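Asker: My structure is stored as work.pdb, with PDB, C-alpha atoms.
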ATOM      1  CA  MET G  95     184.271 154.539 190.250  1.00  0.00           C
ATOM      2  CA  GLN G  96     181.261 155.254 192.409  1.00  0.00           C
ATOM      3  CA  GLN G  97     177.809 154.284 191.200  1.00  0.00           C
ATOM      4  CA  THR G  98     176.554 157.854 191.505  1.00  0.00           C
ATOM      5  CA  THR G  99     179.391 159.079 189.306  1.00  0.00           C
ATOM      6  CA  ILE G 100     178.575 156.488 186.649  1.00  0.00           C
ATOM      7  CA  ALA G 101     174.894 157.458 186.803  1.00  0.00           C
ATOM      8  CA  LEU G 102     175.805 161.132 186.450  1.00  0.00           C
ATOM      9  CA  ILE G 103     178.018 160.501 183.437  1.00  0.00           C
ATOM     10  CA  GLY G 104     175.253 158.422 181.840  1.00  0.00           C
ATOM     11  CA  PHE G 105     172.786 161.193 182.555  1.00  0.00           C
ATOM     12  CA  TYR G 106     175.041 163.800 180.907  1.00  0.00           C
ATOM     13  CA  VAL G 107     175.527 161.602 177.841  1.00  0.00           C
ATOM     14  CA  ILE G 108     171.787 160.965 177.441  1.00  0.00           C
ATOM     15  CA  ILE G 109     170.992 164.658 177.865  1.00  0.00           C
ATOM     16  CA  ALA G 110     173.684 165.618 175.345  1.00  0.00           C
ATOM     17  CA  ILE G 111     172.268 163.144 172.803  1.00  0.00           C
ATOM     18  CA  MET G 112     168.697 164.387 173.302  1.00  0.00           C
ATOM     19  CA  LEU G 113     169.691 168.034 173.034  1.00  0.00           C
ATOM     20  CA  GLY G 114     171.717 167.162 169.934  1.00  0.00           C
ATOM     21  CA  PHE G 115     168.656 165.506 168.364  1.00  0.00           C
ATOM     22  CA  ALA G 116     166.510 168.544 169.196  1.00  0.00           C
ATOM     23  CA  ALA G 117     169.094 170.946 167.775  1.00  0.00           C
ATOM     24  CA  MET G 118     169.464 168.908 164.571  1.00  0.00           C
ATOM     25  CA  VAL G 119     165.706 168.805 164.014  1.00  0.00           C
ATOM     26  CA  LEU G 120     165.461 172.561 164.528  1.00  0.00           C
ATOM     27  CA  LEU G 121     168.427 173.249 162.229  1.00  0.00           C
ATOM     28  CA  LYS G 122     166.985 171.052 159.491  1.00  0.00           C
ATOM     29  CA  ILE G 123     163.632 172.821 159.805  1.00  0.00           C
ATOM     30  CA  ILE G 124     165.313 176.224 159.588  1.00  0.00           C
ATOM     31  CA  ASN G 125     167.477 175.377 156.576  1.00  0.00           C
ATOM     32  CA  GLY G 126     164.574 173.665 154.806  1.00  0.00           C
ATOM     33  CA  THR G 127     165.847 170.084 154.822  1.00  0.00           C
ATOM     34  CA  ILE G 128     162.757 169.200 156.839  1.00  0.00           C
ATOM     35  CA  ASP G 129     160.060 170.774 154.712  1.00  0.00           C
ATOM     36  CA  LEU G 130     157.125 172.262 156.629  1.00  0.00           C
ATOM     37  CA  ASP G 131     155.517 173.964 153.620  1.00  0.00           C
ATOM     38  CA  GLY G 132     152.595 171.530 153.515  1.00  0.00           C
ATOM     39  CA  LEU G 133     152.182 171.362 157.293  1.00  0.00           C
ATOM     40  CA  VAL G 134     148.538 172.439 157.336  1.00  0.00           C
ATOM     41  CA  SER G 135     147.659 171.542 153.743  1.00  0.00           C
ATOM     42  CA  GLU G 136     145.748 168.464 152.769  1.00  0.00           C
ATOM     43  CA  PRO G 137     146.940 166.461 149.767  1.00  0.00           C
ATOM     44  CA  ILE G 138     144.641 166.908 146.765  1.00  0.00           C
ATOM     45  CA  ASN G 139     145.176 163.362 145.660  1.00  0.00           C
ATOM     46  CA  PRO G 140     146.402 160.531 147.899  1.00  0.00           C
ATOM     47  CA  GLN G 141     148.075 158.969 144.846  1.00  0.00           C
ATOM     48  CA  HIS G 142     150.063 162.178 144.345  1.00  0.00           C
ATOM     49  CA  PRO G 143     150.686 163.458 147.867  1.00  0.00           C
ATOM     50  CA  GLN G 144     153.544 165.678 146.716  1.00  0.00           C
ATOM     51  CA  PHE G 145     151.004 168.125 145.280  1.00  0.00           C
ATOM     52  CA  THR G 146     149.391 169.747 148.286  1.00  0.00           C
ATOM     53  CA  GLY G 147     145.972 171.285 148.168  1.00  0.00           C
ATOM     54  CA  LYS G 148     144.347 174.018 150.163  1.00  0.00           C
ATOM     55  CA  ALA G 149     144.915 174.507 153.856  1.00  0.00           C
ATOM     56  CA  SER G 150     142.955 172.305 156.239  1.00  0.00           C
ATOM     57  CA  LEU G 151     141.151 173.957 159.130  1.00  0.00           C
ATOM     58  CA  SER G 152     141.323 170.809 161.271  1.00  0.00           C
ATOM     59  CA  ARG G 153     145.093 170.478 160.771  1.00  0.00           C
ATOM     60  CA  PHE G 154     145.595 174.131 161.656  1.00  0.00           C
ATOM     61  CA  GLN G 155     143.381 173.768 164.723  1.00  0.00           C
ATOM     62  CA  PHE G 156     145.247 170.674 165.904  1.00  0.00           C
ATOM     63  CA  LEU G 157     148.607 172.407 165.398  1.00  0.00           C
ATOM     64  CA  ILE G 158     147.663 175.488 167.415  1.00  0.00           C
ATOM     65  CA  PHE G 159     146.010 173.506 170.235  1.00  0.00           C
ATOM     66  CA  THR G 160     149.104 171.301 170.502  1.00  0.00           C
ATOM     67  CA  PHE G 161     151.487 174.249 170.571  1.00  0.00           C
ATOM     68  CA  VAL G 162     149.496 176.169 173.187  1.00  0.00           C
ATOM     69  CA  ILE G 163     148.900 173.217 175.504  1.00  0.00           C
ATOM     70  CA  ALA G 164     152.421 171.779 175.178  1.00  0.00           C
ATOM     71  CA  GLY G 165     153.997 175.201 175.677  1.00  0.00           C
ATOM     72  CA  LEU G 166     151.829 175.937 178.680  1.00  0.00           C
ATOM     73  CA  TYR G 167     152.582 172.541 180.201  1.00  0.00           C
ATOM     74  CA  LEU G 168     156.314 173.078 179.753  1.00  0.00           C
ATOM     75  CA  LEU G 169     156.167 176.516 181.394  1.00  0.00           C
ATOM     76  CA  LEU G 170     154.076 175.290 184.320  1.00  0.00           C
ATOM     77  CA  ARG G 171     156.303 172.240 184.770  1.00  0.00           C
ATOM     78  CA  ILE G 172     159.344 174.500 185.055  1.00  0.00           C
ATOM     79  CA  GLU G 173     157.537 176.938 187.363  1.00  0.00           C
ATOM     80  CA  HIS G 174     156.404 174.204 189.750  1.00  0.00           C
ATOM     81  CA  GLY G 175     159.556 172.112 189.514  1.00  0.00           C
ATOM     82  CA  THR G 176     157.500 168.944 189.229  1.00  0.00           C
ATOM     83  CA  PHE G 177     155.029 167.356 186.847  1.00  0.00           C
ATOM     84  CA  VAL G 178     151.698 169.139 186.928  1.00  0.00           C
ATOM     85  CA  ASP G 179     148.329 167.469 186.463  1.00  0.00           C
ATOM     86  CA  ILE G 180     146.688 167.907 183.086  1.00  0.00           C
ATOM     87  CA  PRO G 181     142.934 168.480 183.612  1.00  0.00           C
ATOM     88  CA  GLU G 182     140.622 165.993 181.920  1.00  0.00           C
ATOM     89  CA  THR G 183     138.901 168.783 180.035  1.00  0.00           C
ATOM     90  CA  VAL G 184     142.204 169.750 178.401  1.00  0.00           C
ATOM     91  CA  LEU G 185     142.753 166.146 177.350  1.00  0.00           C
ATOM     92  CA  GLY G 186     139.174 166.192 176.050  1.00  0.00           C
ATOM     93  CA  LEU G 187     139.952 169.302 174.027  1.00  0.00           C
ATOM     94  CA  LEU G 188     142.971 167.635 172.423  1.00  0.00           C
ATOM     95  CA  GLY G 189     140.884 164.505 171.829  1.00  0.00           C
ATOM     96  CA  ILE G 190     138.124 166.452 170.100  1.00  0.00           C
ATOM     97  CA  SER G 191     140.646 168.313 167.968  1.00  0.00           C
ATOM     98  CA  GLY G 192     142.545 165.137 167.099  1.00  0.00           C
ATOM     99  CA  GLY G 193     139.316 163.283 166.343  1.00  0.00           C
ATOM    100  CA  SER G 194     138.197 166.068 164.013  1.00  0.00           C
ATOM    101  CA  PHE G 195     141.554 165.909 162.254  1.00  0.00           C
ATOM    102  CA  VAL G 196     141.278 162.135 161.748  1.00  0.00           C
ATOM    103  CA  VAL G 197     137.686 162.323 160.438  1.00  0.00           C
ATOM    104  CA  SER G 198     138.591 165.227 158.167  1.00  0.00           C
ATOM    105  CA  LYS G 199     141.579 163.305 156.826  1.00  0.00           C
ATOM    106  CA  ALA G 200     139.432 160.214 156.218  1.00  0.00           C
ATOM    107  CA  VAL G 201     136.842 162.256 154.309  1.00  0.00           C
ATOM    108  CA  GLY G 202     139.624 163.957 152.348  1.00  0.00           C
ATOM    109  CA  ASN G 203     141.110 160.587 151.393  1.00  0.00           C
ATOM    110  CA  MET G 204     137.675 159.323 150.318  1.00  0.00           C
ATOM    111  CA  GLU G 205     137.281 162.421 148.136  1.00  0.00           C
ATOM    112  CA  GLY G 206     140.649 161.741 146.549  1.00  0.00           C
ATOM    113  CA  ALA G 207     139.845 158.065 145.963  1.00  0.00           C
ATOM    114  CA  SER G 208     136.370 158.703 144.497  1.00  0.00           C
ATOM    115  CA  PRO G 209     136.427 158.281 140.688  1.00  0.00           C
ATOM    116  CA  LYS G 210     133.727 160.941 140.195  1.00  0.00           C
ATOM    117  CA  THR G 211     135.503 163.762 141.900  1.00  0.00           C
ATOM    118  CA  PRO G 212     137.966 165.969 140.102  1.00  0.00           C
ATOM    119  CA  ALA G 213     140.312 165.521 143.022  1.00  0.00           C
ATOM    120  CA  ASN G 214     141.266 162.130 141.602  1.00  0.00           C
ATOM    121  CA  THR G 215     142.787 163.621 138.502  1.00  0.00           C
ATOM    122  CA  PRO G 216     146.475 164.397 138.597  1.00  0.00           C
ATOM    123  CA  VAL G 217     147.036 168.058 139.097  1.00  0.00           C
ATOM    124  CA  ALA G 218     149.854 170.387 138.279  1.00  0.00           C
ATOM    125  CA  PRO G 219     151.975 171.619 141.120  1.00  0.00           C
ATOM    126  CA  PRO G 220     150.978 175.014 142.475  1.00  0.00           C
ATOM    127  CA  SER G 221     152.701 177.970 140.900  1.00  0.00           C
ATOM    128  CA  PRO G 222     155.560 179.412 142.894  1.00  0.00           C
ATOM    129  CA  THR G 223     154.445 182.138 145.235  1.00  0.00           C
ATOM    130  CA  ALA G 224     156.347 185.041 146.635  1.00  0.00           C
ATOM    131  CA  GLY G 225     159.001 183.715 148.946  1.00  0.00           C
ATOM    132  CA  GLY G 226     158.499 180.189 147.631  1.00  0.00           C
ATOM    133  CA  THR G 227     161.244 177.915 146.470  1.00  0.00           C
ATOM    134  CA  GLY G 228     159.576 177.037 143.169  1.00  0.00           C
ATOM    135  CA  SER G 229     159.253 173.388 144.079  1.00  0.00           C
ATOM    136  CA  PRO G 230     155.886 171.845 144.953  1.00  0.00           C
ATOM    137  CA  ALA G 231     155.024 172.256 148.570  1.00  0.00           C
ATOM    138  CA  GLY G 232     155.591 169.070 150.483  1.00  0.00           C
ATOM    139  CA  GLY G 233     157.587 167.734 147.569  1.00  0.00           C
ATOM    140  CA  PRO G 234     160.439 165.285 147.692  1.00  0.00           C
ATOM    141  CA  GLN G 235     162.941 166.174 150.362  1.00  0.00           C
TER     142      GLN G 235
ATOM    143  CA  MET C1231     176.284 170.791 189.558  1.00  0.00           C
ATOM    144  CA  VAL C1232     173.261 168.611 188.741  1.00  0.00           C
ATOM    145  CA  TRP C1233     170.970 171.430 189.802  1.00  0.00           C
ATOM    146  CA  GLN C1234     172.767 173.859 187.473  1.00  0.00           C
ATOM    147  CA  LEU C1235     172.553 171.330 184.647  1.00  0.00           C
ATOM    148  CA  GLY C1236     168.827 171.000 185.281  1.00  0.00           C
ATOM    149  CA  GLU C1237     168.414 174.757 184.881  1.00  0.00           C
ATOM    150  CA  LEU C1238     170.440 174.642 181.672  1.00  0.00           C
ATOM    151  CA  ILE C1239     168.261 171.863 180.268  1.00  0.00           C
ATOM    152  CA  GLN C1240     165.107 173.772 181.193  1.00  0.00           C
ATOM    153  CA  ALA C1241     166.427 176.840 179.415  1.00  0.00           C
ATOM    154  CA  CYS C1242     167.336 174.729 176.359  1.00  0.00           C
ATOM    155  CA  LEU C1243     163.851 173.154 176.304  1.00  0.00           C
ATOM    156  CA  ILE C1244     162.113 176.529 176.459  1.00  0.00           C
ATOM    157  CA  ALA C1245     164.441 177.952 173.812  1.00  0.00           C
ATOM    158  CA  TRP C1246     163.821 174.945 171.526  1.00  0.00           C
ATOM    159  CA  MET C1247     160.045 175.136 171.900  1.00  0.00           C
ATOM    160  CA  ALA C1248     160.053 178.902 171.368  1.00  0.00           C
ATOM    161  CA  ALA C1249     162.327 178.588 168.325  1.00  0.00           C
ATOM    162  CA  LEU C1250     160.098 175.885 166.824  1.00  0.00           C
ATOM    163  CA  ALA C1251     156.988 177.999 167.394  1.00  0.00           C
ATOM    164  CA  ALA C1252     158.774 181.048 165.951  1.00  0.00           C
ATOM    165  CA  VAL C1253     159.857 179.156 162.821  1.00  0.00           C
ATOM    166  CA  VAL C1254     156.331 177.852 162.229  1.00  0.00           C
ATOM    167  CA  ALA C1255     154.854 181.326 162.865  1.00  0.00           C
ATOM    168  CA  MET C1256     157.361 182.961 160.485  1.00  0.00           C
ATOM    169  CA  LYS C1257     156.591 180.416 157.770  1.00  0.00           C
ATOM    170  CA  LEU C1258     152.861 180.976 158.322  1.00  0.00           C
ATOM    171  CA  PHE C1259     153.204 184.769 158.063  1.00  0.00           C
ATOM    172  CA  SER C1260     155.534 184.642 155.058  1.00  0.00           C
ATOM    173  CA  GLY C1261     153.180 182.302 153.203  1.00  0.00           C
ATOM    174  CA  ARG C1262     155.636 179.394 152.986  1.00  0.00           C
ATOM    175  CA  ILE C1263     153.115 177.387 155.032  1.00  0.00           C
ATOM    176  CA  SER C1264     150.059 178.191 152.993  1.00  0.00           C
ATOM    177  CA  LEU C1265     146.760 179.051 154.643  1.00  0.00           C
ATOM    178  CA  ASN C1266     145.079 179.592 151.288  1.00  0.00           C
ATOM    179  CA  GLY C1267     141.535 178.303 151.192  1.00  0.00           C
ATOM    180  CA  ILE C1268     141.388 177.482 154.899  1.00  0.00           C
ATOM    181  CA  LEU C1269     137.853 178.907 155.058  1.00  0.00           C
ATOM    182  CA  ALA C1270     136.745 177.565 151.666  1.00  0.00           C
ATOM    183  CA  ALA C1271     135.224 174.186 150.863  1.00  0.00           C
ATOM    184  CA  THR C1272     137.023 173.864 147.528  1.00  0.00           C
ATOM    185  CA  PRO C1273     140.412 175.212 146.404  1.00  0.00           C
ATOM    186  CA  ASN C1274     138.838 178.022 144.373  1.00  0.00           C
ATOM    187  CA  GLY C1275     135.588 178.381 146.306  1.00  0.00           C
ATOM    188  CA  GLY C1276     134.289 181.190 148.490  1.00  0.00           C
ATOM    189  CA  PHE C1277     133.773 181.240 152.223  1.00  0.00           C
ATOM    190  CA  ASP C1278     132.174 178.152 153.683  1.00  0.00           C
ATOM    191  CA  PRO C1279     129.947 179.102 156.672  1.00  0.00           C
ATOM    192  CA  THR C1280     130.628 175.834 158.505  1.00  0.00           C
ATOM    193  CA  ARG C1281     134.364 176.515 158.402  1.00  0.00           C
ATOM    194  CA  VAL C1282     133.960 180.161 159.374  1.00  0.00           C
ATOM    195  CA  GLN C1283     131.955 179.307 162.509  1.00  0.00           C
ATOM    196  CA  SER C1284     134.406 176.545 163.407  1.00  0.00           C
ATOM    197  CA  ALA C1285     137.383 178.910 163.011  1.00  0.00           C
ATOM    198  CA  LEU C1286     135.707 181.621 165.101  1.00  0.00           C
ATOM    199  CA  ILE C1287     134.805 179.270 167.947  1.00  0.00           C
ATOM    200  CA  PHE C1288     138.271 177.696 167.851  1.00  0.00           C
ATOM    201  CA  LEU C1289     139.943 181.135 168.051  1.00  0.00           C
ATOM    202  CA  PHE C1290     137.627 182.151 170.889  1.00  0.00           C
ATOM    203  CA  ILE C1291     138.441 179.021 172.903  1.00  0.00           C
ATOM    204  CA  ILE C1292     142.198 178.961 172.283  1.00  0.00           C
ATOM    205  CA  GLY C1293     142.506 182.707 172.900  1.00  0.00           C
ATOM    206  CA  GLY C1294     140.691 182.453 176.216  1.00  0.00           C
ATOM    207  CA  TYR C1295     142.663 179.409 177.252  1.00  0.00           C
ATOM    208  CA  ALA C1296     145.999 181.029 176.370  1.00  0.00           C
ATOM    209  CA  LEU C1297     145.100 184.054 178.518  1.00  0.00           C
ATOM    210  CA  GLN C1298     144.092 181.790 181.404  1.00  0.00           C
ATOM    211  CA  GLY C1299     147.325 179.877 180.931  1.00  0.00           C
ATOM    212  CA  LEU C1300     149.455 183.019 181.093  1.00  0.00           C
ATOM    213  CA  ASP C1301     147.635 183.970 184.282  1.00  0.00           C
ATOM    214  CA  ALA C1302     148.379 180.515 185.732  1.00  0.00           C
ATOM    215  CA  VAL C1303     152.068 180.860 184.858  1.00  0.00           C
ATOM    216  CA  ALA C1304     152.219 184.315 186.464  1.00  0.00           C
ATOM    217  CA  THR C1305     150.522 183.162 189.667  1.00  0.00           C
ATOM    218  CA  ARG C1306     152.208 179.730 189.764  1.00  0.00           C
ATOM    219  CA  GLY C1307     148.770 178.166 189.697  1.00  0.00           C
ATOM    220  CA  PRO C1308     147.729 174.760 188.353  1.00  0.00           C
ATOM    221  CA  MET C1309     147.046 174.088 184.693  1.00  0.00           C
ATOM    222  CA  PRO C1310     143.730 175.792 183.991  1.00  0.00           C
ATOM    223  CA  GLU C1311     140.578 173.802 183.338  1.00  0.00           C
ATOM    224  CA  ILE C1312     138.395 174.360 180.305  1.00  0.00           C
ATOM    225  CA  PRO C1313     134.689 174.742 181.120  1.00  0.00           C
ATOM    226  CA  GLU C1314     132.679 171.769 179.895  1.00  0.00           C
ATOM    227  CA  THR C1315     130.280 174.090 178.102  1.00  0.00           C
ATOM    228  CA  LEU C1316     133.158 175.249 175.912  1.00  0.00           C
ATOM    229  CA  LEU C1317     134.053 171.631 175.177  1.00  0.00           C
ATOM    230  CA  VAL C1318     130.466 170.977 174.122  1.00  0.00           C
ATOM    231  CA  LEU C1319     130.598 174.129 171.994  1.00  0.00           C
ATOM    232  CA  LEU C1320     133.807 172.969 170.304  1.00  0.00           C
ATOM    233  CA  THR C1321     132.387 169.486 169.744  1.00  0.00           C
ATOM    234  CA  GLY C1322     129.246 170.932 168.173  1.00  0.00           C
ATOM    235  CA  SER C1323     131.231 173.365 166.065  1.00  0.00           C
ATOM    236  CA  ASN C1324     133.599 170.693 164.760  1.00  0.00           C
ATOM    237  CA  GLY C1325     130.616 168.398 164.254  1.00  0.00           C
ATOM    238  CA  VAL C1326     128.911 170.983 162.049  1.00  0.00           C
ATOM    239  CA  TYR C1327     132.135 171.491 160.091  1.00  0.00           C
ATOM    240  CA  LEU C1328     132.654 167.755 159.565  1.00  0.00           C
ATOM    241  CA  THR C1329     128.994 167.177 158.719  1.00  0.00           C
ATOM    242  CA  GLY C1330     129.223 169.852 156.041  1.00  0.00           C
ATOM    243  CA  LYS C1331     132.347 168.230 154.669  1.00  0.00           C
ATOM    244  CA  ILE C1332     130.782 164.734 154.631  1.00  0.00           C
ATOM    245  CA  VAL C1333     127.549 166.009 153.041  1.00  0.00           C
ATOM    246  CA  ARG C1334     129.528 167.757 150.287  1.00  0.00           C
ATOM    247  CA  HIS C1335     131.486 164.564 149.694  1.00  0.00           C
ATOM    248  CA  ARG C1336     128.308 162.478 149.431  1.00  0.00           C
ATOM    249  CA  MET C1337     126.661 164.991 147.095  1.00  0.00           C
ATOM    250  CA  ALA C1338     129.763 165.075 144.892  1.00  0.00           C
ATOM    251  CA  GLY C1339     130.077 161.263 144.869  1.00  0.00           C
TER     252      GLY C1339
END
Translate the structure described by the file into structure tokens.
Answerer:
Amino acid sequence: MQQTTIALIGFYVIIAIMLGFAAMVLLKIINGTIDLDGLVSEPINPQHPQFTGKASLSRFQFLIFTFVIAGLYLLLRIEHGTFVDIPETVLGLLGISGGSFVVSKAVGNMEGASPKTPANTPVAPPSPTAGGTGSPAGGPQ
Amino acid sequence: MVWQLGELIQACLIAWMAALAAVVAMKLFSGRISLNGILAATPNGGFDPTRVQSALIFLFIIGGYALQGLDAVATRGPMPEIPETLLVLLTGSNGVYLTGKIVRHRMAG
């Protein structure tokens, strides 16, 4: 068997595995096995992370920036047929957004760990909302 | 053959990314991914000005960049730059938001 044929078969197998992974992740997200309900919520109490709190602006910001920049990069990569350069300012934007997310998370964890704040007390799970499953958001999967 | 497979993979990648974005958007709009209190400092509080200004500046920057990006895709141009002034604006805006959050934490603690 020629080396190029072996390389091609290996390439097909690797691509099939990667596409299979991607499809499984998407399927599990769609059918709810991978729970995204608490995607932009911050946990009220780090000791009880299954009870999610209110939505976090920094998480939401990071999510949207990532989607827009990753989507744009993918489109441009396909248009050009080769890897395109990512401008430093775009990397800076992601860095600022990611940094804000990390600082916000650290402050949120400090709030949860502080004995004087009500956030340290165990809280009841949020009441089911319209369209909800009735289980706490971000709960056990 | 390889070239056709490459096109197929590209189509699969775009479809996967679009489907992921669509699922997240649908969950956001249906309320399954909750945005409750995103502009409030506490779960039951009112609007927090530091969050409102941060959200407005973020929407302004990402909206402008998305439009520039669509233009770049249409014209087969390079990935668009973001003006440094906008980066400074975003840094300041996020700084104000985080300062407000830290100050509230210190006052509460």
Asker: Tell me, as a ChimeraX atom specification, which residues lie within 7 Å of segment 163-180 of chain G, counting only C-alpha atoms; anything in the same chain fewer than 2 positions away does not count.
Answerer: /G:159-161,182,184 /C:1240,1299,1303,1306,1309
Asker: Specify as a ChimeraX atom specification each residue included when the PyMOL selection byres ((chain G) within 6 of (chain C)) is applied to this file.
Answerer: /G:131,148-151,170,181,183,210
Asker: Figure out the distance between atom CA of Ala117 of chain G and atom CA of Leu185 of chain G, please, to one decimal in Å.
Answerer: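 That distance, rounded to one decimal, is 28.4 Å.
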Asker: Using Å and a single decimal, report how far atom CA of Ala1252 of chain C sits from atom CA of Leu1297 of chain C.
Answerer: 18.8 Å
Asker: Using only C-alpha atoms, find the one residue out of C:Ser1323, C:Gly1330, C:Asp1301, C:Ala1255 that sits nearest to Leu1286 of chain C.
Answerer: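 For Leu1286 of chain C, the nearest of the given residues is C:Ser1323.
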Asker: At what distance in Å, to one decimal, does atom CA of Met112 of chain G lie from atom CA of Gln155 of chain G?
Answerer: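 Those two atoms sit 28.3 Å apart.
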Asker: Step by step, work through what the PyMOL selection byres ((chain G and resi 102-107) around 12) selects in the shown file, and finish by giving those residues as a list in words.
Answerer: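 What the PyMOL selection byres ((chain G and resi 102-107) around 12) grabs from the file is Met95, Gln96, Gln97, Thr98, Thr99, Ile100, Ala101, Ile108, Ile109, Ala110, Ile111, Met112, Leu113 and Gly114 of chain G; Met1231, Val1232, Trp1233, Leu1235, Gly1236, Leu1238 and Ile1239 of chain C.
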Asker: Grab the residues selected above and save them as a compact mmCIF listing (two decimals), keeping the file's coordinate frame with C-alpha atoms.
Answerer:
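Final output, out_6.txt:
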# COMPACT_ATOMS: atom_id res chain seq x y z
CA MET G 95 184.27 154.54 190.25
CA GLN G 96 181.26 155.25 192.41
CA GLN G 97 177.81 154.28 191.20
CA THR G 98 176.55 157.85 191.50
CA THR G 99 179.39 159.08 189.31
CA ILE G 100 178.58 156.49 186.65
CA ALA G 101 174.89 157.46 186.80
CA ILE G 108 171.79 160.96 177.44
CA ILE G 109 170.99 164.66 177.86
CA ALA G 110 173.68 165.62 175.34
CA ILE G 111 172.27 163.14 172.80
CA MET G 112 168.70 164.39 173.30
CA LEU G 113 169.69 168.03 173.03
CA GLY G 114 171.72 167.16 169.93
CA MET C 1231 176.28 170.79 189.56
CA VAL C 1232 173.26 168.61 188.74
CA TRP C 1233 170.97 171.43 189.80
CA LEU C 1235 172.55 171.33 184.65
CA GLY C 1236 168.83 171.00 185.28
CA LEU C 1238 170.44 174.64 181.67
CA ILE C 1239 168.26 171.86 180.27
Asker: Exactly which residues make up the result of the PyMOL selection byres ((chain G and resi 191) around 8) on this file, given as a count of residues only?
Answerer: 12
